[in-house]
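Heads up, structure_14.cif below (mmCIF, C-alpha atoms):
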```cif
data_final
loop_
_atom_site.label_atom_id
_atom_site.label_comp_id
_atom_site.auth_asym_id
_atom_site.auth_seq_id
_atom_site.Cartn_x
_atom_site.Cartn_y
_atom_site.Cartn_z
CA MET A 1 0.44 9.78 25.14
CA THR A 2 3.22 11.70 26.78
CA GLU A 3 5.99 9.09 27.10
CA THR A 4 9.36 10.09 25.72
CA ILE A 5 11.45 7.29 24.27
CA LYS A 6 15.19 7.83 24.61
CA THR A 7 17.26 6.16 21.95
CA ASP A 8 20.43 6.34 19.87
CA VAL A 9 18.78 6.47 16.49
CA VAL A 10 15.35 7.05 15.03
CA ILE A 11 15.01 5.67 11.52
CA VAL A 12 12.25 7.34 9.54
CA GLY A 13 10.88 4.75 7.14
CA ALA A 14 10.86 0.96 7.46
CA GLY A 15 11.51 0.16 3.81
CA PRO A 16 14.37 -2.14 2.76
CA VAL A 17 17.00 0.56 3.29
CA GLY A 18 15.73 1.56 6.73
CA LEU A 19 15.60 -2.11 7.73
CA PHE A 20 19.17 -2.80 6.63
CA ALA A 21 20.36 0.31 8.47
CA VAL A 22 19.21 -1.43 11.66
CA PHE A 23 21.67 -4.21 10.85
CA GLU A 24 24.64 -1.94 10.18
CA LEU A 25 23.88 0.14 13.27
CA GLY A 26 23.28 -2.95 15.35
CA LEU A 27 26.73 -4.33 14.57
CA LEU A 28 28.08 -1.12 16.09
CA ASP A 29 25.95 -1.55 19.24
CA ILE A 30 23.56 1.18 18.25
CA LYS A 31 19.89 0.70 19.05
CA SER A 32 17.25 1.85 16.57
CA HIS A 33 13.60 2.75 16.60
CA LEU A 34 11.84 2.65 13.24
CA ILE A 35 8.81 4.75 12.39
CA ASP A 36 6.60 4.09 9.37
CA ILE A 37 3.26 5.41 8.26
CA LEU A 38 2.28 2.01 6.88
CA PRO A 39 0.98 -0.74 9.16
CA LYS A 40 3.79 -3.10 8.14
CA PRO A 41 7.50 -3.11 7.24
CA GLY A 42 8.83 -3.01 3.68
CA GLY A 43 7.79 0.38 2.31
CA GLN A 44 7.31 0.35 -1.45
CA CYS A 45 8.51 -3.27 -1.70
CA ALA A 46 5.61 -4.41 0.43
CA GLU A 47 3.05 -1.80 -0.56
CA LEU A 48 3.59 -1.41 -4.30
CA TYR A 49 5.17 -4.60 -5.56
CA PRO A 50 5.15 -7.42 -2.98
CA GLU A 51 4.84 -10.08 -5.67
CA LYS A 52 7.04 -8.48 -8.32
CA PRO A 53 10.43 -10.05 -8.86
CA ILE A 54 13.52 -7.92 -8.20
CA TYR A 55 16.62 -8.97 -10.16
CA ASP A 56 19.32 -6.59 -8.95
CA ILE A 57 19.86 -7.47 -5.32
CA PRO A 58 23.43 -8.77 -5.08
CA GLY A 59 23.46 -12.49 -4.32
CA PHE A 60 19.79 -12.96 -5.22
CA PRO A 61 19.23 -13.79 -8.91
CA MET A 62 15.56 -13.16 -8.17
CA VAL A 63 13.65 -12.18 -5.07
CA THR A 64 10.14 -10.74 -4.71
CA GLY A 65 9.54 -7.44 -2.93
CA GLN A 66 7.94 -9.25 0.00
CA GLY A 67 10.62 -11.95 -0.06
CA LEU A 68 13.32 -9.32 0.35
CA VAL A 69 11.44 -7.66 3.20
CA ASP A 70 10.93 -10.99 4.97
CA ASN A 71 14.63 -11.79 4.67
CA LEU A 72 15.67 -8.37 5.95
CA MET A 73 13.33 -8.74 8.92
CA LYS A 74 15.00 -12.06 9.71
CA GLN A 75 18.45 -10.56 9.25
CA ILE A 76 17.82 -7.75 11.77
CA GLU A 77 16.05 -9.94 14.32
CA PRO A 78 19.18 -10.25 16.54
CA PHE A 79 19.10 -6.48 17.10
CA SER A 80 15.43 -6.47 18.17
CA PRO A 81 14.61 -3.04 16.76
CA SER A 82 11.43 -1.32 17.92
CA PHE A 83 8.84 -0.64 15.25
CA HIS A 84 6.27 2.12 15.40
CA TYR A 85 3.77 1.55 12.59
CA ASN A 86 0.92 3.80 11.46
CA GLU A 87 2.90 6.78 12.66
CA MET A 88 4.20 9.71 10.68
CA VAL A 89 7.01 11.88 11.99
CA GLU A 90 5.43 15.25 12.21
CA ALA A 91 8.01 17.43 13.92
CA LEU A 92 11.73 17.40 14.46
CA GLU A 93 13.42 19.75 16.85
CA VAL A 94 17.16 20.26 17.35
CA LEU A 95 18.11 20.04 21.04
CA GLY A 96 21.85 19.39 20.87
CA THR A 97 24.89 20.86 19.23
CA PRO A 98 26.63 19.93 15.96
CA GLU A 99 29.28 18.09 18.00
CA ALA A 100 26.83 16.32 20.27
CA PRO A 101 23.58 16.17 18.36
CA LEU A 102 20.29 15.49 20.08
CA PHE A 103 16.84 15.72 18.57
CA ARG A 104 13.26 15.60 19.69
CA VAL A 105 11.11 13.74 17.19
CA ARG A 106 7.32 13.71 17.47
CA THR A 107 4.87 11.56 15.53
CA ASP A 108 1.30 12.42 14.56
CA GLY A 109 0.18 9.70 16.96
CA GLY A 110 1.80 11.59 19.83
CA ILE A 111 4.92 9.48 20.42
CA THR A 112 7.96 11.56 21.35
CA PHE A 113 11.55 10.42 20.99
CA GLU A 114 14.75 11.92 22.23
CA THR A 115 17.43 10.63 19.94
CA LYS A 116 21.09 11.30 19.24
CA CYS A 117 20.78 10.78 15.50
CA VAL A 118 18.03 10.59 12.89
CA VAL A 119 18.33 8.46 9.77
CA VAL A 120 15.84 9.50 7.13
CA ALA A 121 15.12 6.47 4.95
CA ALA A 122 11.80 7.74 3.72
CA GLY A 123 12.04 6.62 0.07
CA GLY A 124 9.58 8.55 -2.06
CA GLY A 125 8.06 10.12 1.03
CA SER A 126 5.18 8.91 3.12
CA PHE A 127 2.28 6.98 1.70
CA GLN A 128 -0.79 9.12 2.02
CA PRO A 129 -4.35 8.65 0.83
CA LYS A 130 -5.06 9.79 -2.70
CA ARG A 131 -7.22 12.86 -2.74
CA PRO A 132 -9.94 13.05 -5.42
CA PRO A 133 -9.03 15.99 -7.67
CA VAL A 134 -12.23 17.97 -7.15
CA PRO A 135 -12.19 21.68 -6.34
CA SER A 136 -11.96 22.77 -2.70
CA ILE A 137 -11.92 19.25 -1.22
CA GLU A 138 -9.24 20.51 1.25
CA ASP A 139 -11.88 22.72 2.90
CA TYR A 140 -13.91 19.65 3.81
CA GLU A 141 -11.10 17.37 4.93
CA ASN A 142 -11.31 16.16 8.54
CA LYS A 143 -14.62 17.97 8.89
CA SER A 144 -16.88 15.98 6.62
CA VAL A 145 -14.47 14.28 4.21
CA PHE A 146 -12.28 11.56 5.74
CA TYR A 147 -9.75 9.19 4.19
CA ALA A 148 -9.86 6.73 7.04
CA VAL A 149 -12.25 5.84 9.82
CA ARG A 150 -10.54 6.62 13.10
CA LYS A 151 -13.69 6.84 15.18
CA MET A 152 -16.84 5.10 14.02
CA GLU A 153 -18.94 7.48 16.15
CA GLU A 154 -18.07 10.23 13.70
CA PHE A 155 -20.42 8.48 11.27
CA ARG A 156 -23.31 7.59 13.57
CA ASP A 157 -26.66 8.85 12.23
CA ARG A 158 -24.89 10.41 9.26
CA THR A 159 -25.58 9.93 5.59
CA VAL A 160 -22.27 8.50 4.47
CA LEU A 161 -21.08 8.27 0.89
CA ILE A 162 -18.27 5.74 0.51
CA VAL A 163 -16.41 5.70 -2.79
CA GLY A 164 -14.28 2.82 -4.03
CA GLY A 165 -14.37 -0.86 -4.89
CA GLY A 166 -11.68 -2.47 -2.76
CA ASP A 167 -11.65 -3.98 0.69
CA SER A 168 -11.48 -0.67 2.57
CA ALA A 169 -14.56 0.66 0.79
CA LEU A 170 -16.53 -2.54 1.21
CA ASP A 171 -15.47 -3.22 4.81
CA TRP A 172 -16.46 0.26 5.92
CA THR A 173 -19.71 0.04 3.98
CA LEU A 174 -20.61 -3.07 5.94
CA ASN A 175 -19.34 -1.73 9.28
CA LEU A 176 -21.01 1.65 9.04
CA ALA A 177 -24.32 0.53 7.54
CA PRO A 178 -25.78 -0.47 10.95
CA ILE A 179 -24.91 2.80 12.71
CA ALA A 180 -25.18 5.37 9.93
CA LYS A 181 -28.47 6.96 8.97
CA ARG A 182 -27.82 5.72 5.45
CA VAL A 183 -24.79 4.41 3.59
CA VAL A 184 -24.36 4.95 -0.12
CA LEU A 185 -21.55 3.09 -1.86
CA MET A 186 -20.36 4.52 -5.15
CA HIS A 187 -17.96 2.80 -7.51
CA ARG A 188 -17.02 3.46 -11.12
CA ARG A 189 -18.14 -0.01 -12.30
CA ASP A 190 -20.41 -2.75 -11.11
CA GLU A 191 -17.44 -5.00 -10.36
CA PHE A 192 -15.49 -4.99 -7.11
CA ARG A 193 -11.95 -5.98 -6.22
CA ALA A 194 -12.93 -6.55 -2.61
CA ALA A 195 -13.28 -10.01 -1.07
CA PRO A 196 -16.28 -11.79 -2.65
CA HIS A 197 -18.01 -12.41 0.70
CA SER A 198 -18.02 -8.66 1.47
CA VAL A 199 -19.34 -7.92 -2.00
CA ASN A 200 -22.13 -10.46 -1.49
CA ALA A 201 -22.97 -9.01 1.92
CA MET A 202 -23.11 -5.53 0.38
CA ARG A 203 -25.42 -6.75 -2.42
CA ASP A 204 -27.69 -8.35 0.19
CA LEU A 205 -27.98 -5.03 2.04
CA VAL A 206 -28.83 -3.30 -1.24
CA ALA A 207 -31.47 -5.95 -2.00
CA GLN A 208 -32.97 -5.40 1.47
CA LYS A 209 -32.97 -1.65 0.73
CA LYS A 210 -30.76 -1.03 3.77
CA MET A 211 -28.21 0.87 1.70
CA ASP A 212 -27.73 2.21 -1.80
CA LEU A 213 -25.26 1.40 -4.53
CA VAL A 214 -24.48 3.96 -7.21
CA ILE A 215 -22.33 3.27 -10.25
CA GLY A 216 -20.56 6.55 -10.90
CA GLN A 217 -17.63 8.83 -10.12
CA ILE A 218 -17.09 11.92 -7.98
CA ALA A 219 -17.47 15.13 -9.97
CA GLY A 220 -17.76 17.79 -7.26
CA LEU A 221 -18.68 18.64 -3.69
CA LYS A 222 -21.49 20.82 -2.40
CA GLY A 223 -21.67 22.36 1.04
CA ASP A 224 -20.64 25.24 3.28
CA ASN A 225 -17.83 25.83 5.76
CA GLY A 226 -16.44 22.37 5.35
CA GLN A 227 -19.81 20.75 5.97
CA LEU A 228 -20.82 18.61 3.06
CA SER A 229 -24.44 18.57 1.88
CA ALA A 230 -24.09 16.61 -1.35
CA VAL A 231 -21.63 15.08 -3.77
CA SER A 232 -22.28 15.47 -7.45
CA ALA A 233 -21.55 12.32 -9.33
CA LYS A 234 -21.05 11.44 -12.95
CA THR A 235 -23.19 8.42 -13.78
CA ASN A 236 -24.41 6.78 -16.96
CA ASP A 237 -27.63 8.79 -16.53
CA GLY A 238 -25.73 12.06 -16.36
CA VAL A 239 -24.62 14.10 -13.38
CA ILE A 240 -26.66 13.53 -10.22
CA ASP A 241 -26.46 14.93 -6.69
CA ILE A 242 -26.11 12.44 -3.87
CA ALA A 243 -27.17 14.03 -0.58
CA CYS A 244 -24.70 13.14 2.18
CA ASP A 245 -22.93 14.75 5.12
CA ARG A 246 -19.91 12.46 5.25
CA LEU A 247 -17.65 11.34 2.42
CA LEU A 248 -15.11 8.53 2.59
CA PRO A 249 -13.08 8.25 -0.63
CA PHE A 250 -10.85 5.17 -0.92
CA PHE A 251 -8.51 5.58 -3.89
CA GLY A 252 -5.37 3.98 -2.56
CA LEU A 253 -2.15 5.66 -1.52
CA THR A 254 0.29 8.06 -3.07
CA MET A 255 3.75 9.15 -1.95
CA LYS A 256 4.21 12.68 -0.63
CA LEU A 257 7.31 14.19 0.92
CA GLY A 258 5.15 15.41 3.80
CA PRO A 259 6.51 17.08 6.94
CA ILE A 260 10.17 16.25 6.07
CA ALA A 261 10.06 19.51 4.13
CA ASP A 262 9.78 21.39 7.46
CA TRP A 263 12.71 19.87 9.32
CA GLY A 264 15.28 22.44 8.33
CA LEU A 265 16.97 20.14 5.83
CA ASN A 266 18.21 21.44 2.52
CA LEU A 267 16.03 20.13 -0.27
CA HIS A 268 16.69 19.76 -3.95
CA GLU A 269 13.64 18.80 -6.04
CA GLN A 270 11.99 17.02 -3.12
CA LEU A 271 15.21 15.14 -2.32
CA VAL A 272 17.67 15.62 0.52
CA PRO A 273 21.26 16.40 -0.52
CA VAL A 274 23.94 14.48 1.39
CA ASP A 275 27.70 14.01 1.23
CA THR A 276 28.97 10.67 -0.03
CA GLU A 277 31.30 9.95 2.87
CA LYS A 278 28.78 9.88 5.69
CA PHE A 279 25.44 10.44 3.93
CA GLU A 280 24.80 13.22 6.38
CA THR A 281 22.50 16.14 5.60
CA ASN A 282 23.20 19.82 6.22
CA VAL A 283 22.10 19.22 9.83
CA PRO A 284 24.81 17.29 11.71
CA GLY A 285 23.33 14.13 13.18
CA ILE A 286 20.60 13.82 10.55
CA PHE A 287 21.39 11.35 7.79
CA ALA A 288 19.46 10.53 4.63
CA ILE A 289 19.80 7.19 2.86
CA GLY A 290 18.01 5.44 0.01
CA ASP A 291 15.67 7.00 -2.55
CA ILE A 292 15.10 10.15 -0.49
CA ASN A 293 18.68 11.44 -0.83
CA THR A 294 20.58 12.94 -3.71
CA TYR A 295 24.28 13.40 -4.55
CA PRO A 296 26.29 13.45 -7.76
CA GLY A 297 25.85 10.11 -9.50
CA LYS A 298 22.98 8.95 -7.28
CA LEU A 299 21.17 5.84 -8.46
CA LYS A 300 17.83 4.98 -6.91
CA LEU A 301 18.66 1.35 -6.29
CA ILE A 302 18.03 -0.68 -3.17
CA LEU A 303 21.68 -1.78 -3.21
CA SER A 304 22.85 1.84 -3.15
CA GLY A 305 20.69 2.41 -0.09
CA PHE A 306 22.31 -0.54 1.67
CA HIS A 307 25.77 0.91 1.03
CA GLU A 308 24.66 4.34 2.19
CA GLY A 309 23.30 2.86 5.41
CA ALA A 310 26.59 1.13 6.15
CA LEU A 311 28.58 4.32 5.75
CA ALA A 312 26.11 6.46 7.66
CA ALA A 313 26.29 3.98 10.55
CA GLN A 314 30.03 4.61 10.90
CA LYS A 315 29.45 8.30 11.48
CA VAL A 316 26.47 7.65 13.75
CA GLN A 317 28.81 5.56 15.89
CA ARG A 318 31.11 8.57 16.39
CA TYR A 319 28.16 10.60 17.68
CA VAL A 320 26.79 7.85 19.90
CA TYR A 321 30.14 6.63 21.27
CA PRO A 322 32.44 9.64 20.88
CA ASP A 323 35.20 8.10 23.00
CA LYS A 324 35.17 4.62 21.53
CA LYS A 325 38.09 3.53 19.39
CA VAL A 326 36.70 2.50 16.02
CA ILE A 327 37.86 -0.89 14.86
CA PHE A 328 36.52 -2.16 11.58
CA GLN A 329 35.43 -5.80 11.76
CA TYR A 330 34.00 -8.47 9.46
CA THR A 331 31.02 -10.68 10.31
CA THR A 332 32.90 -13.65 8.81
CA SER A 333 35.76 -13.52 11.30
CA SER A 334 34.90 -11.32 14.26
CA THR A 335 33.69 -13.28 17.30
CA ASN A 336 32.50 -10.00 18.73
CA LEU A 337 30.18 -9.36 15.77
CA GLN A 338 29.10 -12.98 15.66
CA LYS A 339 28.04 -12.75 19.31
CA LYS A 340 25.85 -9.79 18.46
CA LEU A 341 24.31 -11.82 15.65
CA GLY A 342 23.72 -14.71 18.03
CA VAL A 343 25.82 -17.15 15.99
CA ALA A 344 29.05 -17.36 17.99
CA MET B 1 10.59 2.91 -34.04
CA THR B 2 6.96 3.73 -33.50
CA GLN B 3 5.50 7.21 -33.22
CA ILE B 4 3.30 8.06 -30.29
CA THR B 5 1.54 11.36 -29.68
CA PHE B 6 0.83 12.61 -26.18
CA ILE B 7 -1.70 15.41 -25.73
CA ASP B 8 -1.80 17.08 -22.33
CA ALA B 9 -4.88 18.42 -20.55
CA THR B 10 -4.32 21.89 -22.03
CA GLY B 11 -4.32 20.46 -25.56
CA GLN B 12 -0.59 20.73 -26.22
CA SER B 13 0.64 17.85 -28.31
CA ARG B 14 4.04 16.12 -28.38
CA THR B 15 4.97 13.39 -30.84
CA VAL B 16 7.88 11.18 -29.86
CA GLN B 17 9.66 8.07 -31.12
CA ALA B 18 8.96 5.03 -28.99
CA GLU B 19 11.09 1.94 -28.80
CA ASN B 20 9.25 -1.26 -29.66
CA GLY B 21 9.03 -3.53 -26.65
CA SER B 22 9.01 -0.66 -24.15
CA THR B 23 5.79 0.71 -22.72
CA VAL B 24 3.88 3.90 -23.43
CA MET B 25 4.60 5.01 -19.84
CA GLU B 26 8.37 4.47 -20.27
CA THR B 27 8.24 6.37 -23.55
CA ALA B 28 6.62 9.32 -21.79
CA LEU B 29 9.19 9.42 -18.98
CA LYS B 30 12.14 8.96 -21.33
CA ASN B 31 10.98 11.89 -23.42
CA GLY B 32 10.08 14.14 -20.53
CA VAL B 33 6.39 14.14 -21.42
CA PRO B 34 4.55 15.77 -18.50
CA GLY B 35 1.31 14.47 -17.02
CA ILE B 36 2.48 10.93 -16.30
CA GLU B 37 3.88 10.26 -12.84
CA ALA B 38 4.32 6.49 -12.81
CA GLU B 39 4.96 6.49 -9.09
CA CYS B 40 5.32 2.72 -8.86
CA GLY B 41 7.70 2.49 -11.79
CA GLY B 42 5.50 0.27 -13.94
CA ALA B 43 4.37 -2.38 -11.49
CA CYS B 44 0.67 -1.73 -12.23
CA ALA B 45 0.36 -0.70 -8.61
CA CYS B 46 -0.48 3.00 -8.49
CA ALA B 47 -2.65 4.27 -11.38
CA THR B 48 -0.58 7.44 -11.82
CA CYS B 49 0.18 6.75 -15.49
CA HIS B 50 -3.50 6.98 -16.46
CA VAL B 51 -4.17 8.08 -20.06
CA TYR B 52 -7.16 8.38 -22.36
CA VAL B 53 -6.57 6.53 -25.62
CA ALA B 54 -7.87 8.31 -28.75
CA ASP B 55 -11.26 6.91 -29.74
CA ASP B 56 -10.07 5.31 -32.97
CA TRP B 57 -7.36 3.44 -31.07
CA VAL B 58 -9.45 2.01 -28.23
CA GLU B 59 -10.44 -1.11 -30.18
CA LYS B 60 -7.00 -1.61 -31.71
CA LEU B 61 -5.22 -2.07 -28.38
CA PRO B 62 -5.17 -5.42 -26.60
CA LYS B 63 -7.86 -5.33 -23.92
CA ALA B 64 -6.90 -4.37 -20.38
CA GLU B 65 -6.24 -7.34 -18.14
CA GLN B 66 -8.06 -7.78 -14.84
CA MET B 67 -5.15 -6.30 -12.87
CA GLU B 68 -5.19 -3.13 -14.98
CA GLU B 69 -8.99 -2.80 -14.71
CA ASP B 70 -8.71 -3.19 -10.93
CA MET B 71 -5.96 -0.60 -10.70
CA LEU B 72 -7.98 1.85 -12.79
CA ASP B 73 -10.33 1.96 -9.78
CA PHE B 74 -7.65 4.15 -8.16
CA ALA B 75 -7.65 6.66 -11.02
CA PHE B 76 -10.00 9.60 -11.28
CA ASP B 77 -12.44 10.49 -14.06
CA VAL B 78 -12.14 7.05 -15.61
CA ARG B 79 -13.71 6.77 -19.06
CA PRO B 80 -14.21 3.89 -21.51
CA SER B 81 -10.98 5.01 -23.21
CA SER B 82 -8.99 4.94 -19.95
CA ARG B 83 -5.84 2.83 -19.79
CA LEU B 84 -2.73 2.64 -17.64
CA SER B 85 0.12 3.52 -19.96
CA CYS B 86 2.55 1.16 -18.21
CA GLN B 87 0.44 -1.71 -19.47
CA ILE B 88 0.47 -0.68 -23.15
CA LYS B 89 3.41 -2.34 -24.89
CA VAL B 90 4.81 -0.44 -27.87
CA LYS B 91 4.84 -2.39 -31.13
CA PRO B 92 4.94 -1.42 -34.81
CA GLU B 93 1.13 -1.77 -35.15
CA LEU B 94 0.74 1.09 -32.67
CA ASP B 95 2.50 3.58 -34.95
CA GLY B 96 0.51 6.82 -34.74
CA LEU B 97 -1.12 6.02 -31.38
CA THR B 98 -2.47 9.12 -29.67
CA VAL B 99 -3.16 9.37 -25.94
CA THR B 100 -4.33 12.25 -23.77
CA THR B 101 -3.09 12.70 -20.22
CA PRO B 102 -5.62 13.66 -17.53
CA GLU B 103 -5.57 17.01 -15.75
CA LYS B 104 -4.29 15.34 -12.57
CA GLN B 105 -3.02 11.89 -11.76
CA GLY B 106 -4.37 12.26 -8.22
#
```

Go ahead and render the structure in this file as structure tokens.
Amino acid sequence: MTETIKTDVVIVGAGPVGLFAVFELGLLDIKSHLIDILPKPGGQCAELYPEKPIYDIPGFPMVTGQGLVDNLMKQIEPFSPSFHYNEMVEALEVLGTPEAPLFRVRTDGGITFETKCVVVAAGGGSFQPKRPPVPSIEDYENKSVFYAVRKMEEFRDRTVLIVGGGDSALDWTLNLAPIAKRVVLMHRRDEFRAAPHSVNAMRDLVAQKKMDLVIGQIAGLKGDNGQLSAVSAKTNDGVIDIACDRLLPFFGLTMKLGPIADWGLNLHEQLVPVDTEKFETNVPGIFAIGDINTYPGKLKLILSGFHEGALAAQKVQRYVYPDKKVIFQYTTSSTNLQKKLGVA
Amino acid sequence: MTQITFIDATGQSRTVQAENGSTVMETALKNGVPGIEAECGGACACATCHVYVADDWVEKLPKAEQMEEDMLDFAFDVRPSSRLSCQIKVKPELDGLTVTTPEKQG
């Protein structure tokens, strides 16, 4: 893909704070594109605690993580933001000046944006696959160890060891079994979280001797130059070697700061320092709101992120519409704002 | 107050006072005990507060619920003594509890 999307603002992270920033920017006629590494909006709220009740959102005595996300999505609907899921912002390049900022933002999926401002609402960083803590696994990654199946052909006629007990592990076991030379599924216990029908289908394949199931855990990797030849596994019968040339570990996600560290922003203990007037970083035109930022007295609360987004939007407006007279308006009384919300 | 001892992967031990009603994970964070990340903040959603409970305590703790067992699938080097410390509630009966943190939370 070579298309370049021109926009006012790119918001990095579609968690609650990134979503509400769309609202505050939208009221000021500023169009946003949101980028998130997850396949859905909501960030931690949707990924870590969709069903957990949250008690400290003003006006909501109780709302679940998913409930809050659903409401925010409804609230920003009038501004029809563009979402780019399953994408991680890989590179950020400064094109403009401090007075008239302009940035080129590129995702790992190859989407390029040219944007006047960037709002980093990346929370605890990007969700990335958990890496089994075995020595030198990095040497094998993307050569013979993969954390996702991007191309099934990569696994054709291979001996594939899949590790895990959830839906990803079971789904890929079933999908790859017909094309792989052999699939071995390894899990720490003979009980699976995955959907029962997939578990049954897997057990059928094992009964028909079309694949193998091992109860055990990864202990080490064997191979050369990134090419895996076997995985040693801790089982109840001691440590065994499982011959394989592809490994797919599925251990869920963890949050890592990721490429944000390379964007030229000041960092303090993996957080981005901002001022408390505009929530702008050391790079004019780049803002940081929500859990990713830090300033004296910072509280990692969703409500703080909402406030930060509102204030950042005011400064973004000055960059996007430098000649516009700024008039502060309320949604309760301004016909102009109500029109934008589709209620007037 | 209830005393809990945390031993890290290098063998260093720290004994701290834990508030009854809080969790072992919260106790660790409050006291700056390293080796527990608790990325999800105690929602039983990340398995980065994995600990090994001392052998003589394994039977004395309430058994892990299904959700905790399922989440332990995301931890590494899981043993019969493995627990998620956000799911262990501190109470007076746990006075003297000892847990070891793994080398890496993943």

Write out as a Markdown table the residues of chain B that have any atom within 10 Å of an atom of chain A, one row each with the nearest atom pair and its distance in Å to one decimal, counting all atoms listed in the file, sorted by chain and then rising number.
```
| residue | atom | partner | partner_atom | distance |
| --- | --- | --- | --- | --- |
| B:Glu39 | CA | A:Met255 | CA | 7.7 |
| B:Cys40 | CA | A:Leu48 | CA | 6.4 |
| B:Gly41 | CA | A:Leu48 | CA | 9.4 |
| B:Gly42 | CA | A:Tyr49 | CA | 9.7 |
| B:Ala43 | CA | A:Tyr49 | CA | 6.4 |
| B:Cys44 | CA | A:Leu48 | CA | 8.5 |
| B:Ala45 | CA | A:Leu48 | CA | 5.4 |
| B:Cys46 | CA | A:Leu48 | CA | 7.3 |
| B:Ala47 | CA | A:Gly252 | CA | 9.2 |
| B:Thr48 | CA | A:Thr254 | CA | 8.8 |
| B:Gln66 | CA | A:Arg193 | CA | 9.6 |
| B:Met67 | CA | A:Arg193 | CA | 9.5 |
| B:Glu69 | CA | A:Arg193 | CA | 9.5 |
| B:Asp70 | CA | A:Arg193 | CA | 6.4 |
| B:Met71 | CA | A:Arg193 | CA | 9.2 |
| B:Leu72 | CA | A:Arg188 | CA | 9.3 |
| B:Asp73 | CA | A:Gly165 | CA | 6.9 |
| B:Phe74 | CA | A:Phe251 | CA | 4.6 |
| B:Ala75 | CA | A:Phe251 | CA | 7.3 |
| B:Phe76 | CA | A:Pro132 | CA | 6.8 |
| B:Asp77 | CA | A:Gln217 | CA | 6.7 |
| B:Val78 | CA | A:Arg188 | CA | 7.5 |
| B:Arg79 | CA | A:Arg188 | CA | 9.2 |
| B:Glu103 | CA | A:Pro133 | CA | 8.8 |
| B:Lys104 | CA | A:Pro133 | CA | 6.8 |
| B:Gln105 | CA | A:Pro133 | CA | 8.3 |
| B:Gly106 | CA | A:Pro133 | CA | 6.0 |
```

Expansion of the PyMOL selection byres ((chain A and resi 229) around 6) into residues, as a PyMOL selection string: chain A and resi 222-223+228+230+243-245

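Listed by chain and then by number, the residues chosen by the PyMOL selection byres ((chain B and resi 83) around 10) in this file are Ala47, Cys49, His50, Val51, Tyr52, Val53, Val58, Leu61, Lys63, Ala64, Glu68, Glu69, Met71, Leu72, Ala75, Val78, Arg79, Pro80, Ser81, Ser82, Leu84, Ser85, Cys86, Gln87, Ile88 and Val99 of chain B.
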
So which residues touch Leu341 in chain A within 10 Å, counting only C-alpha atoms, skipping near sequence neighbours fewer than 5 positions away, as a PyMOL selection string? chain A and resi 23+26-27+75-79+331+335-336

Residues selected by the PyMOL selection byres ((chain B and resi 3) around 8), written as number ranges by chain: B: 1-2, 4-5, 15-18, 94-97

Any idea what's packed within 9 Å of range 13-16 of chain A, counting all atoms listed in the file, ignoring anything in its chain fewer than 3 positions away? Could you give it as a PyMOL selection string? chain A and resi 19-21+34-38+40-46+68-69+72+83+85+119-123+125-126+290+302+305-306

Around (2.9, 14.2, -25.1) in the file's own coordinates, what residues are found within 8 Å if you use all atoms listed in the file, given back as a ChimeraX atom specification? /B:5-8,12-16,28,33-34,99-101

7 Å contact set for Val316 in chain A, all atoms listed in the file, chain neighbours under 4 positions out, as a count of residues only: 3

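Taking all atoms listed in the file into account, the protein, DNA and RNA residues within 6 Å of (16.4, 18.5, 19.3) read Glu93, Val94, Leu95, Gly96, Leu102, Phe103 and Arg104 of chain A.
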
Which neighbours of Glu99 in chain A fall inside 9 Å, counting all atoms listed in the file, when residues of the same chain fewer than 3 positions from it are skipped, and could you give them as a ChimeraX atom specification? /A:96,284-285,319

Between CA of Ser80 in chain A and CA of Ile30 in chain A - distance in Å to one decimal: 11.2 Å

Kindly add N, CA, C and O atoms to the incomplete range 44-49 of chain B and provide the output as a PDB file, in the frame of the given file.
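Saved result, part22.pdb, follows:
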```
ATOM      1  N   CYS B  44       2.140  -1.699 -12.208  1.00  0.00           N
ATOM      2  CA  CYS B  44       0.670  -1.730 -12.230  1.00  0.00           C
ATOM      3  C   CYS B  44       0.155  -1.686 -10.791  1.00  0.00           C
ATOM      4  O   CYS B  44      -0.646  -2.510 -10.370  1.00  0.00           O
ATOM      5  N   ALA B  45       0.691  -0.747 -10.020  1.00  0.00           N
ATOM      6  CA  ALA B  45       0.360  -0.700  -8.610  1.00  0.00           C
ATOM      7  C   ALA B  45      -0.022   0.693  -8.122  1.00  0.00           C
ATOM      8  O   ALA B  45      -0.096   0.914  -6.921  1.00  0.00           O
ATOM      9  N   CYS B  46      -0.217   1.669  -9.025  1.00  0.00           N
ATOM     10  CA  CYS B  46      -0.480   3.000  -8.490  1.00  0.00           C
ATOM     11  C   CYS B  46      -1.481   3.838  -9.290  1.00  0.00           C
ATOM     12  O   CYS B  46      -2.033   4.785  -8.766  1.00  0.00           O
ATOM     13  N   ALA B  47      -1.703   3.528 -10.551  1.00  0.00           N
ATOM     14  CA  ALA B  47      -2.650   4.270 -11.380  1.00  0.00           C
ATOM     15  C   ALA B  47      -2.280   5.735 -11.585  1.00  0.00           C
ATOM     16  O   ALA B  47      -3.147   6.567 -11.812  1.00  0.00           O
ATOM     17  N   THR B  48      -0.968   6.055 -11.530  1.00  0.00           N
ATOM     18  CA  THR B  48      -0.580   7.440 -11.820  1.00  0.00           C
ATOM     19  C   THR B  48       0.066   7.568 -13.201  1.00  0.00           C
ATOM     20  O   THR B  48       0.806   8.504 -13.462  1.00  0.00           O
ATOM     21  N   CYS B  49      -0.252   6.618 -14.090  1.00  0.00           N
ATOM     22  CA  CYS B  49       0.180   6.750 -15.490  1.00  0.00           C
ATOM     23  C   CYS B  49      -1.059   6.640 -16.378  1.00  0.00           C
ATOM     24  O   CYS B  49      -0.993   6.231 -17.527  1.00  0.00           O
TER      25      CYS B  49
END
```
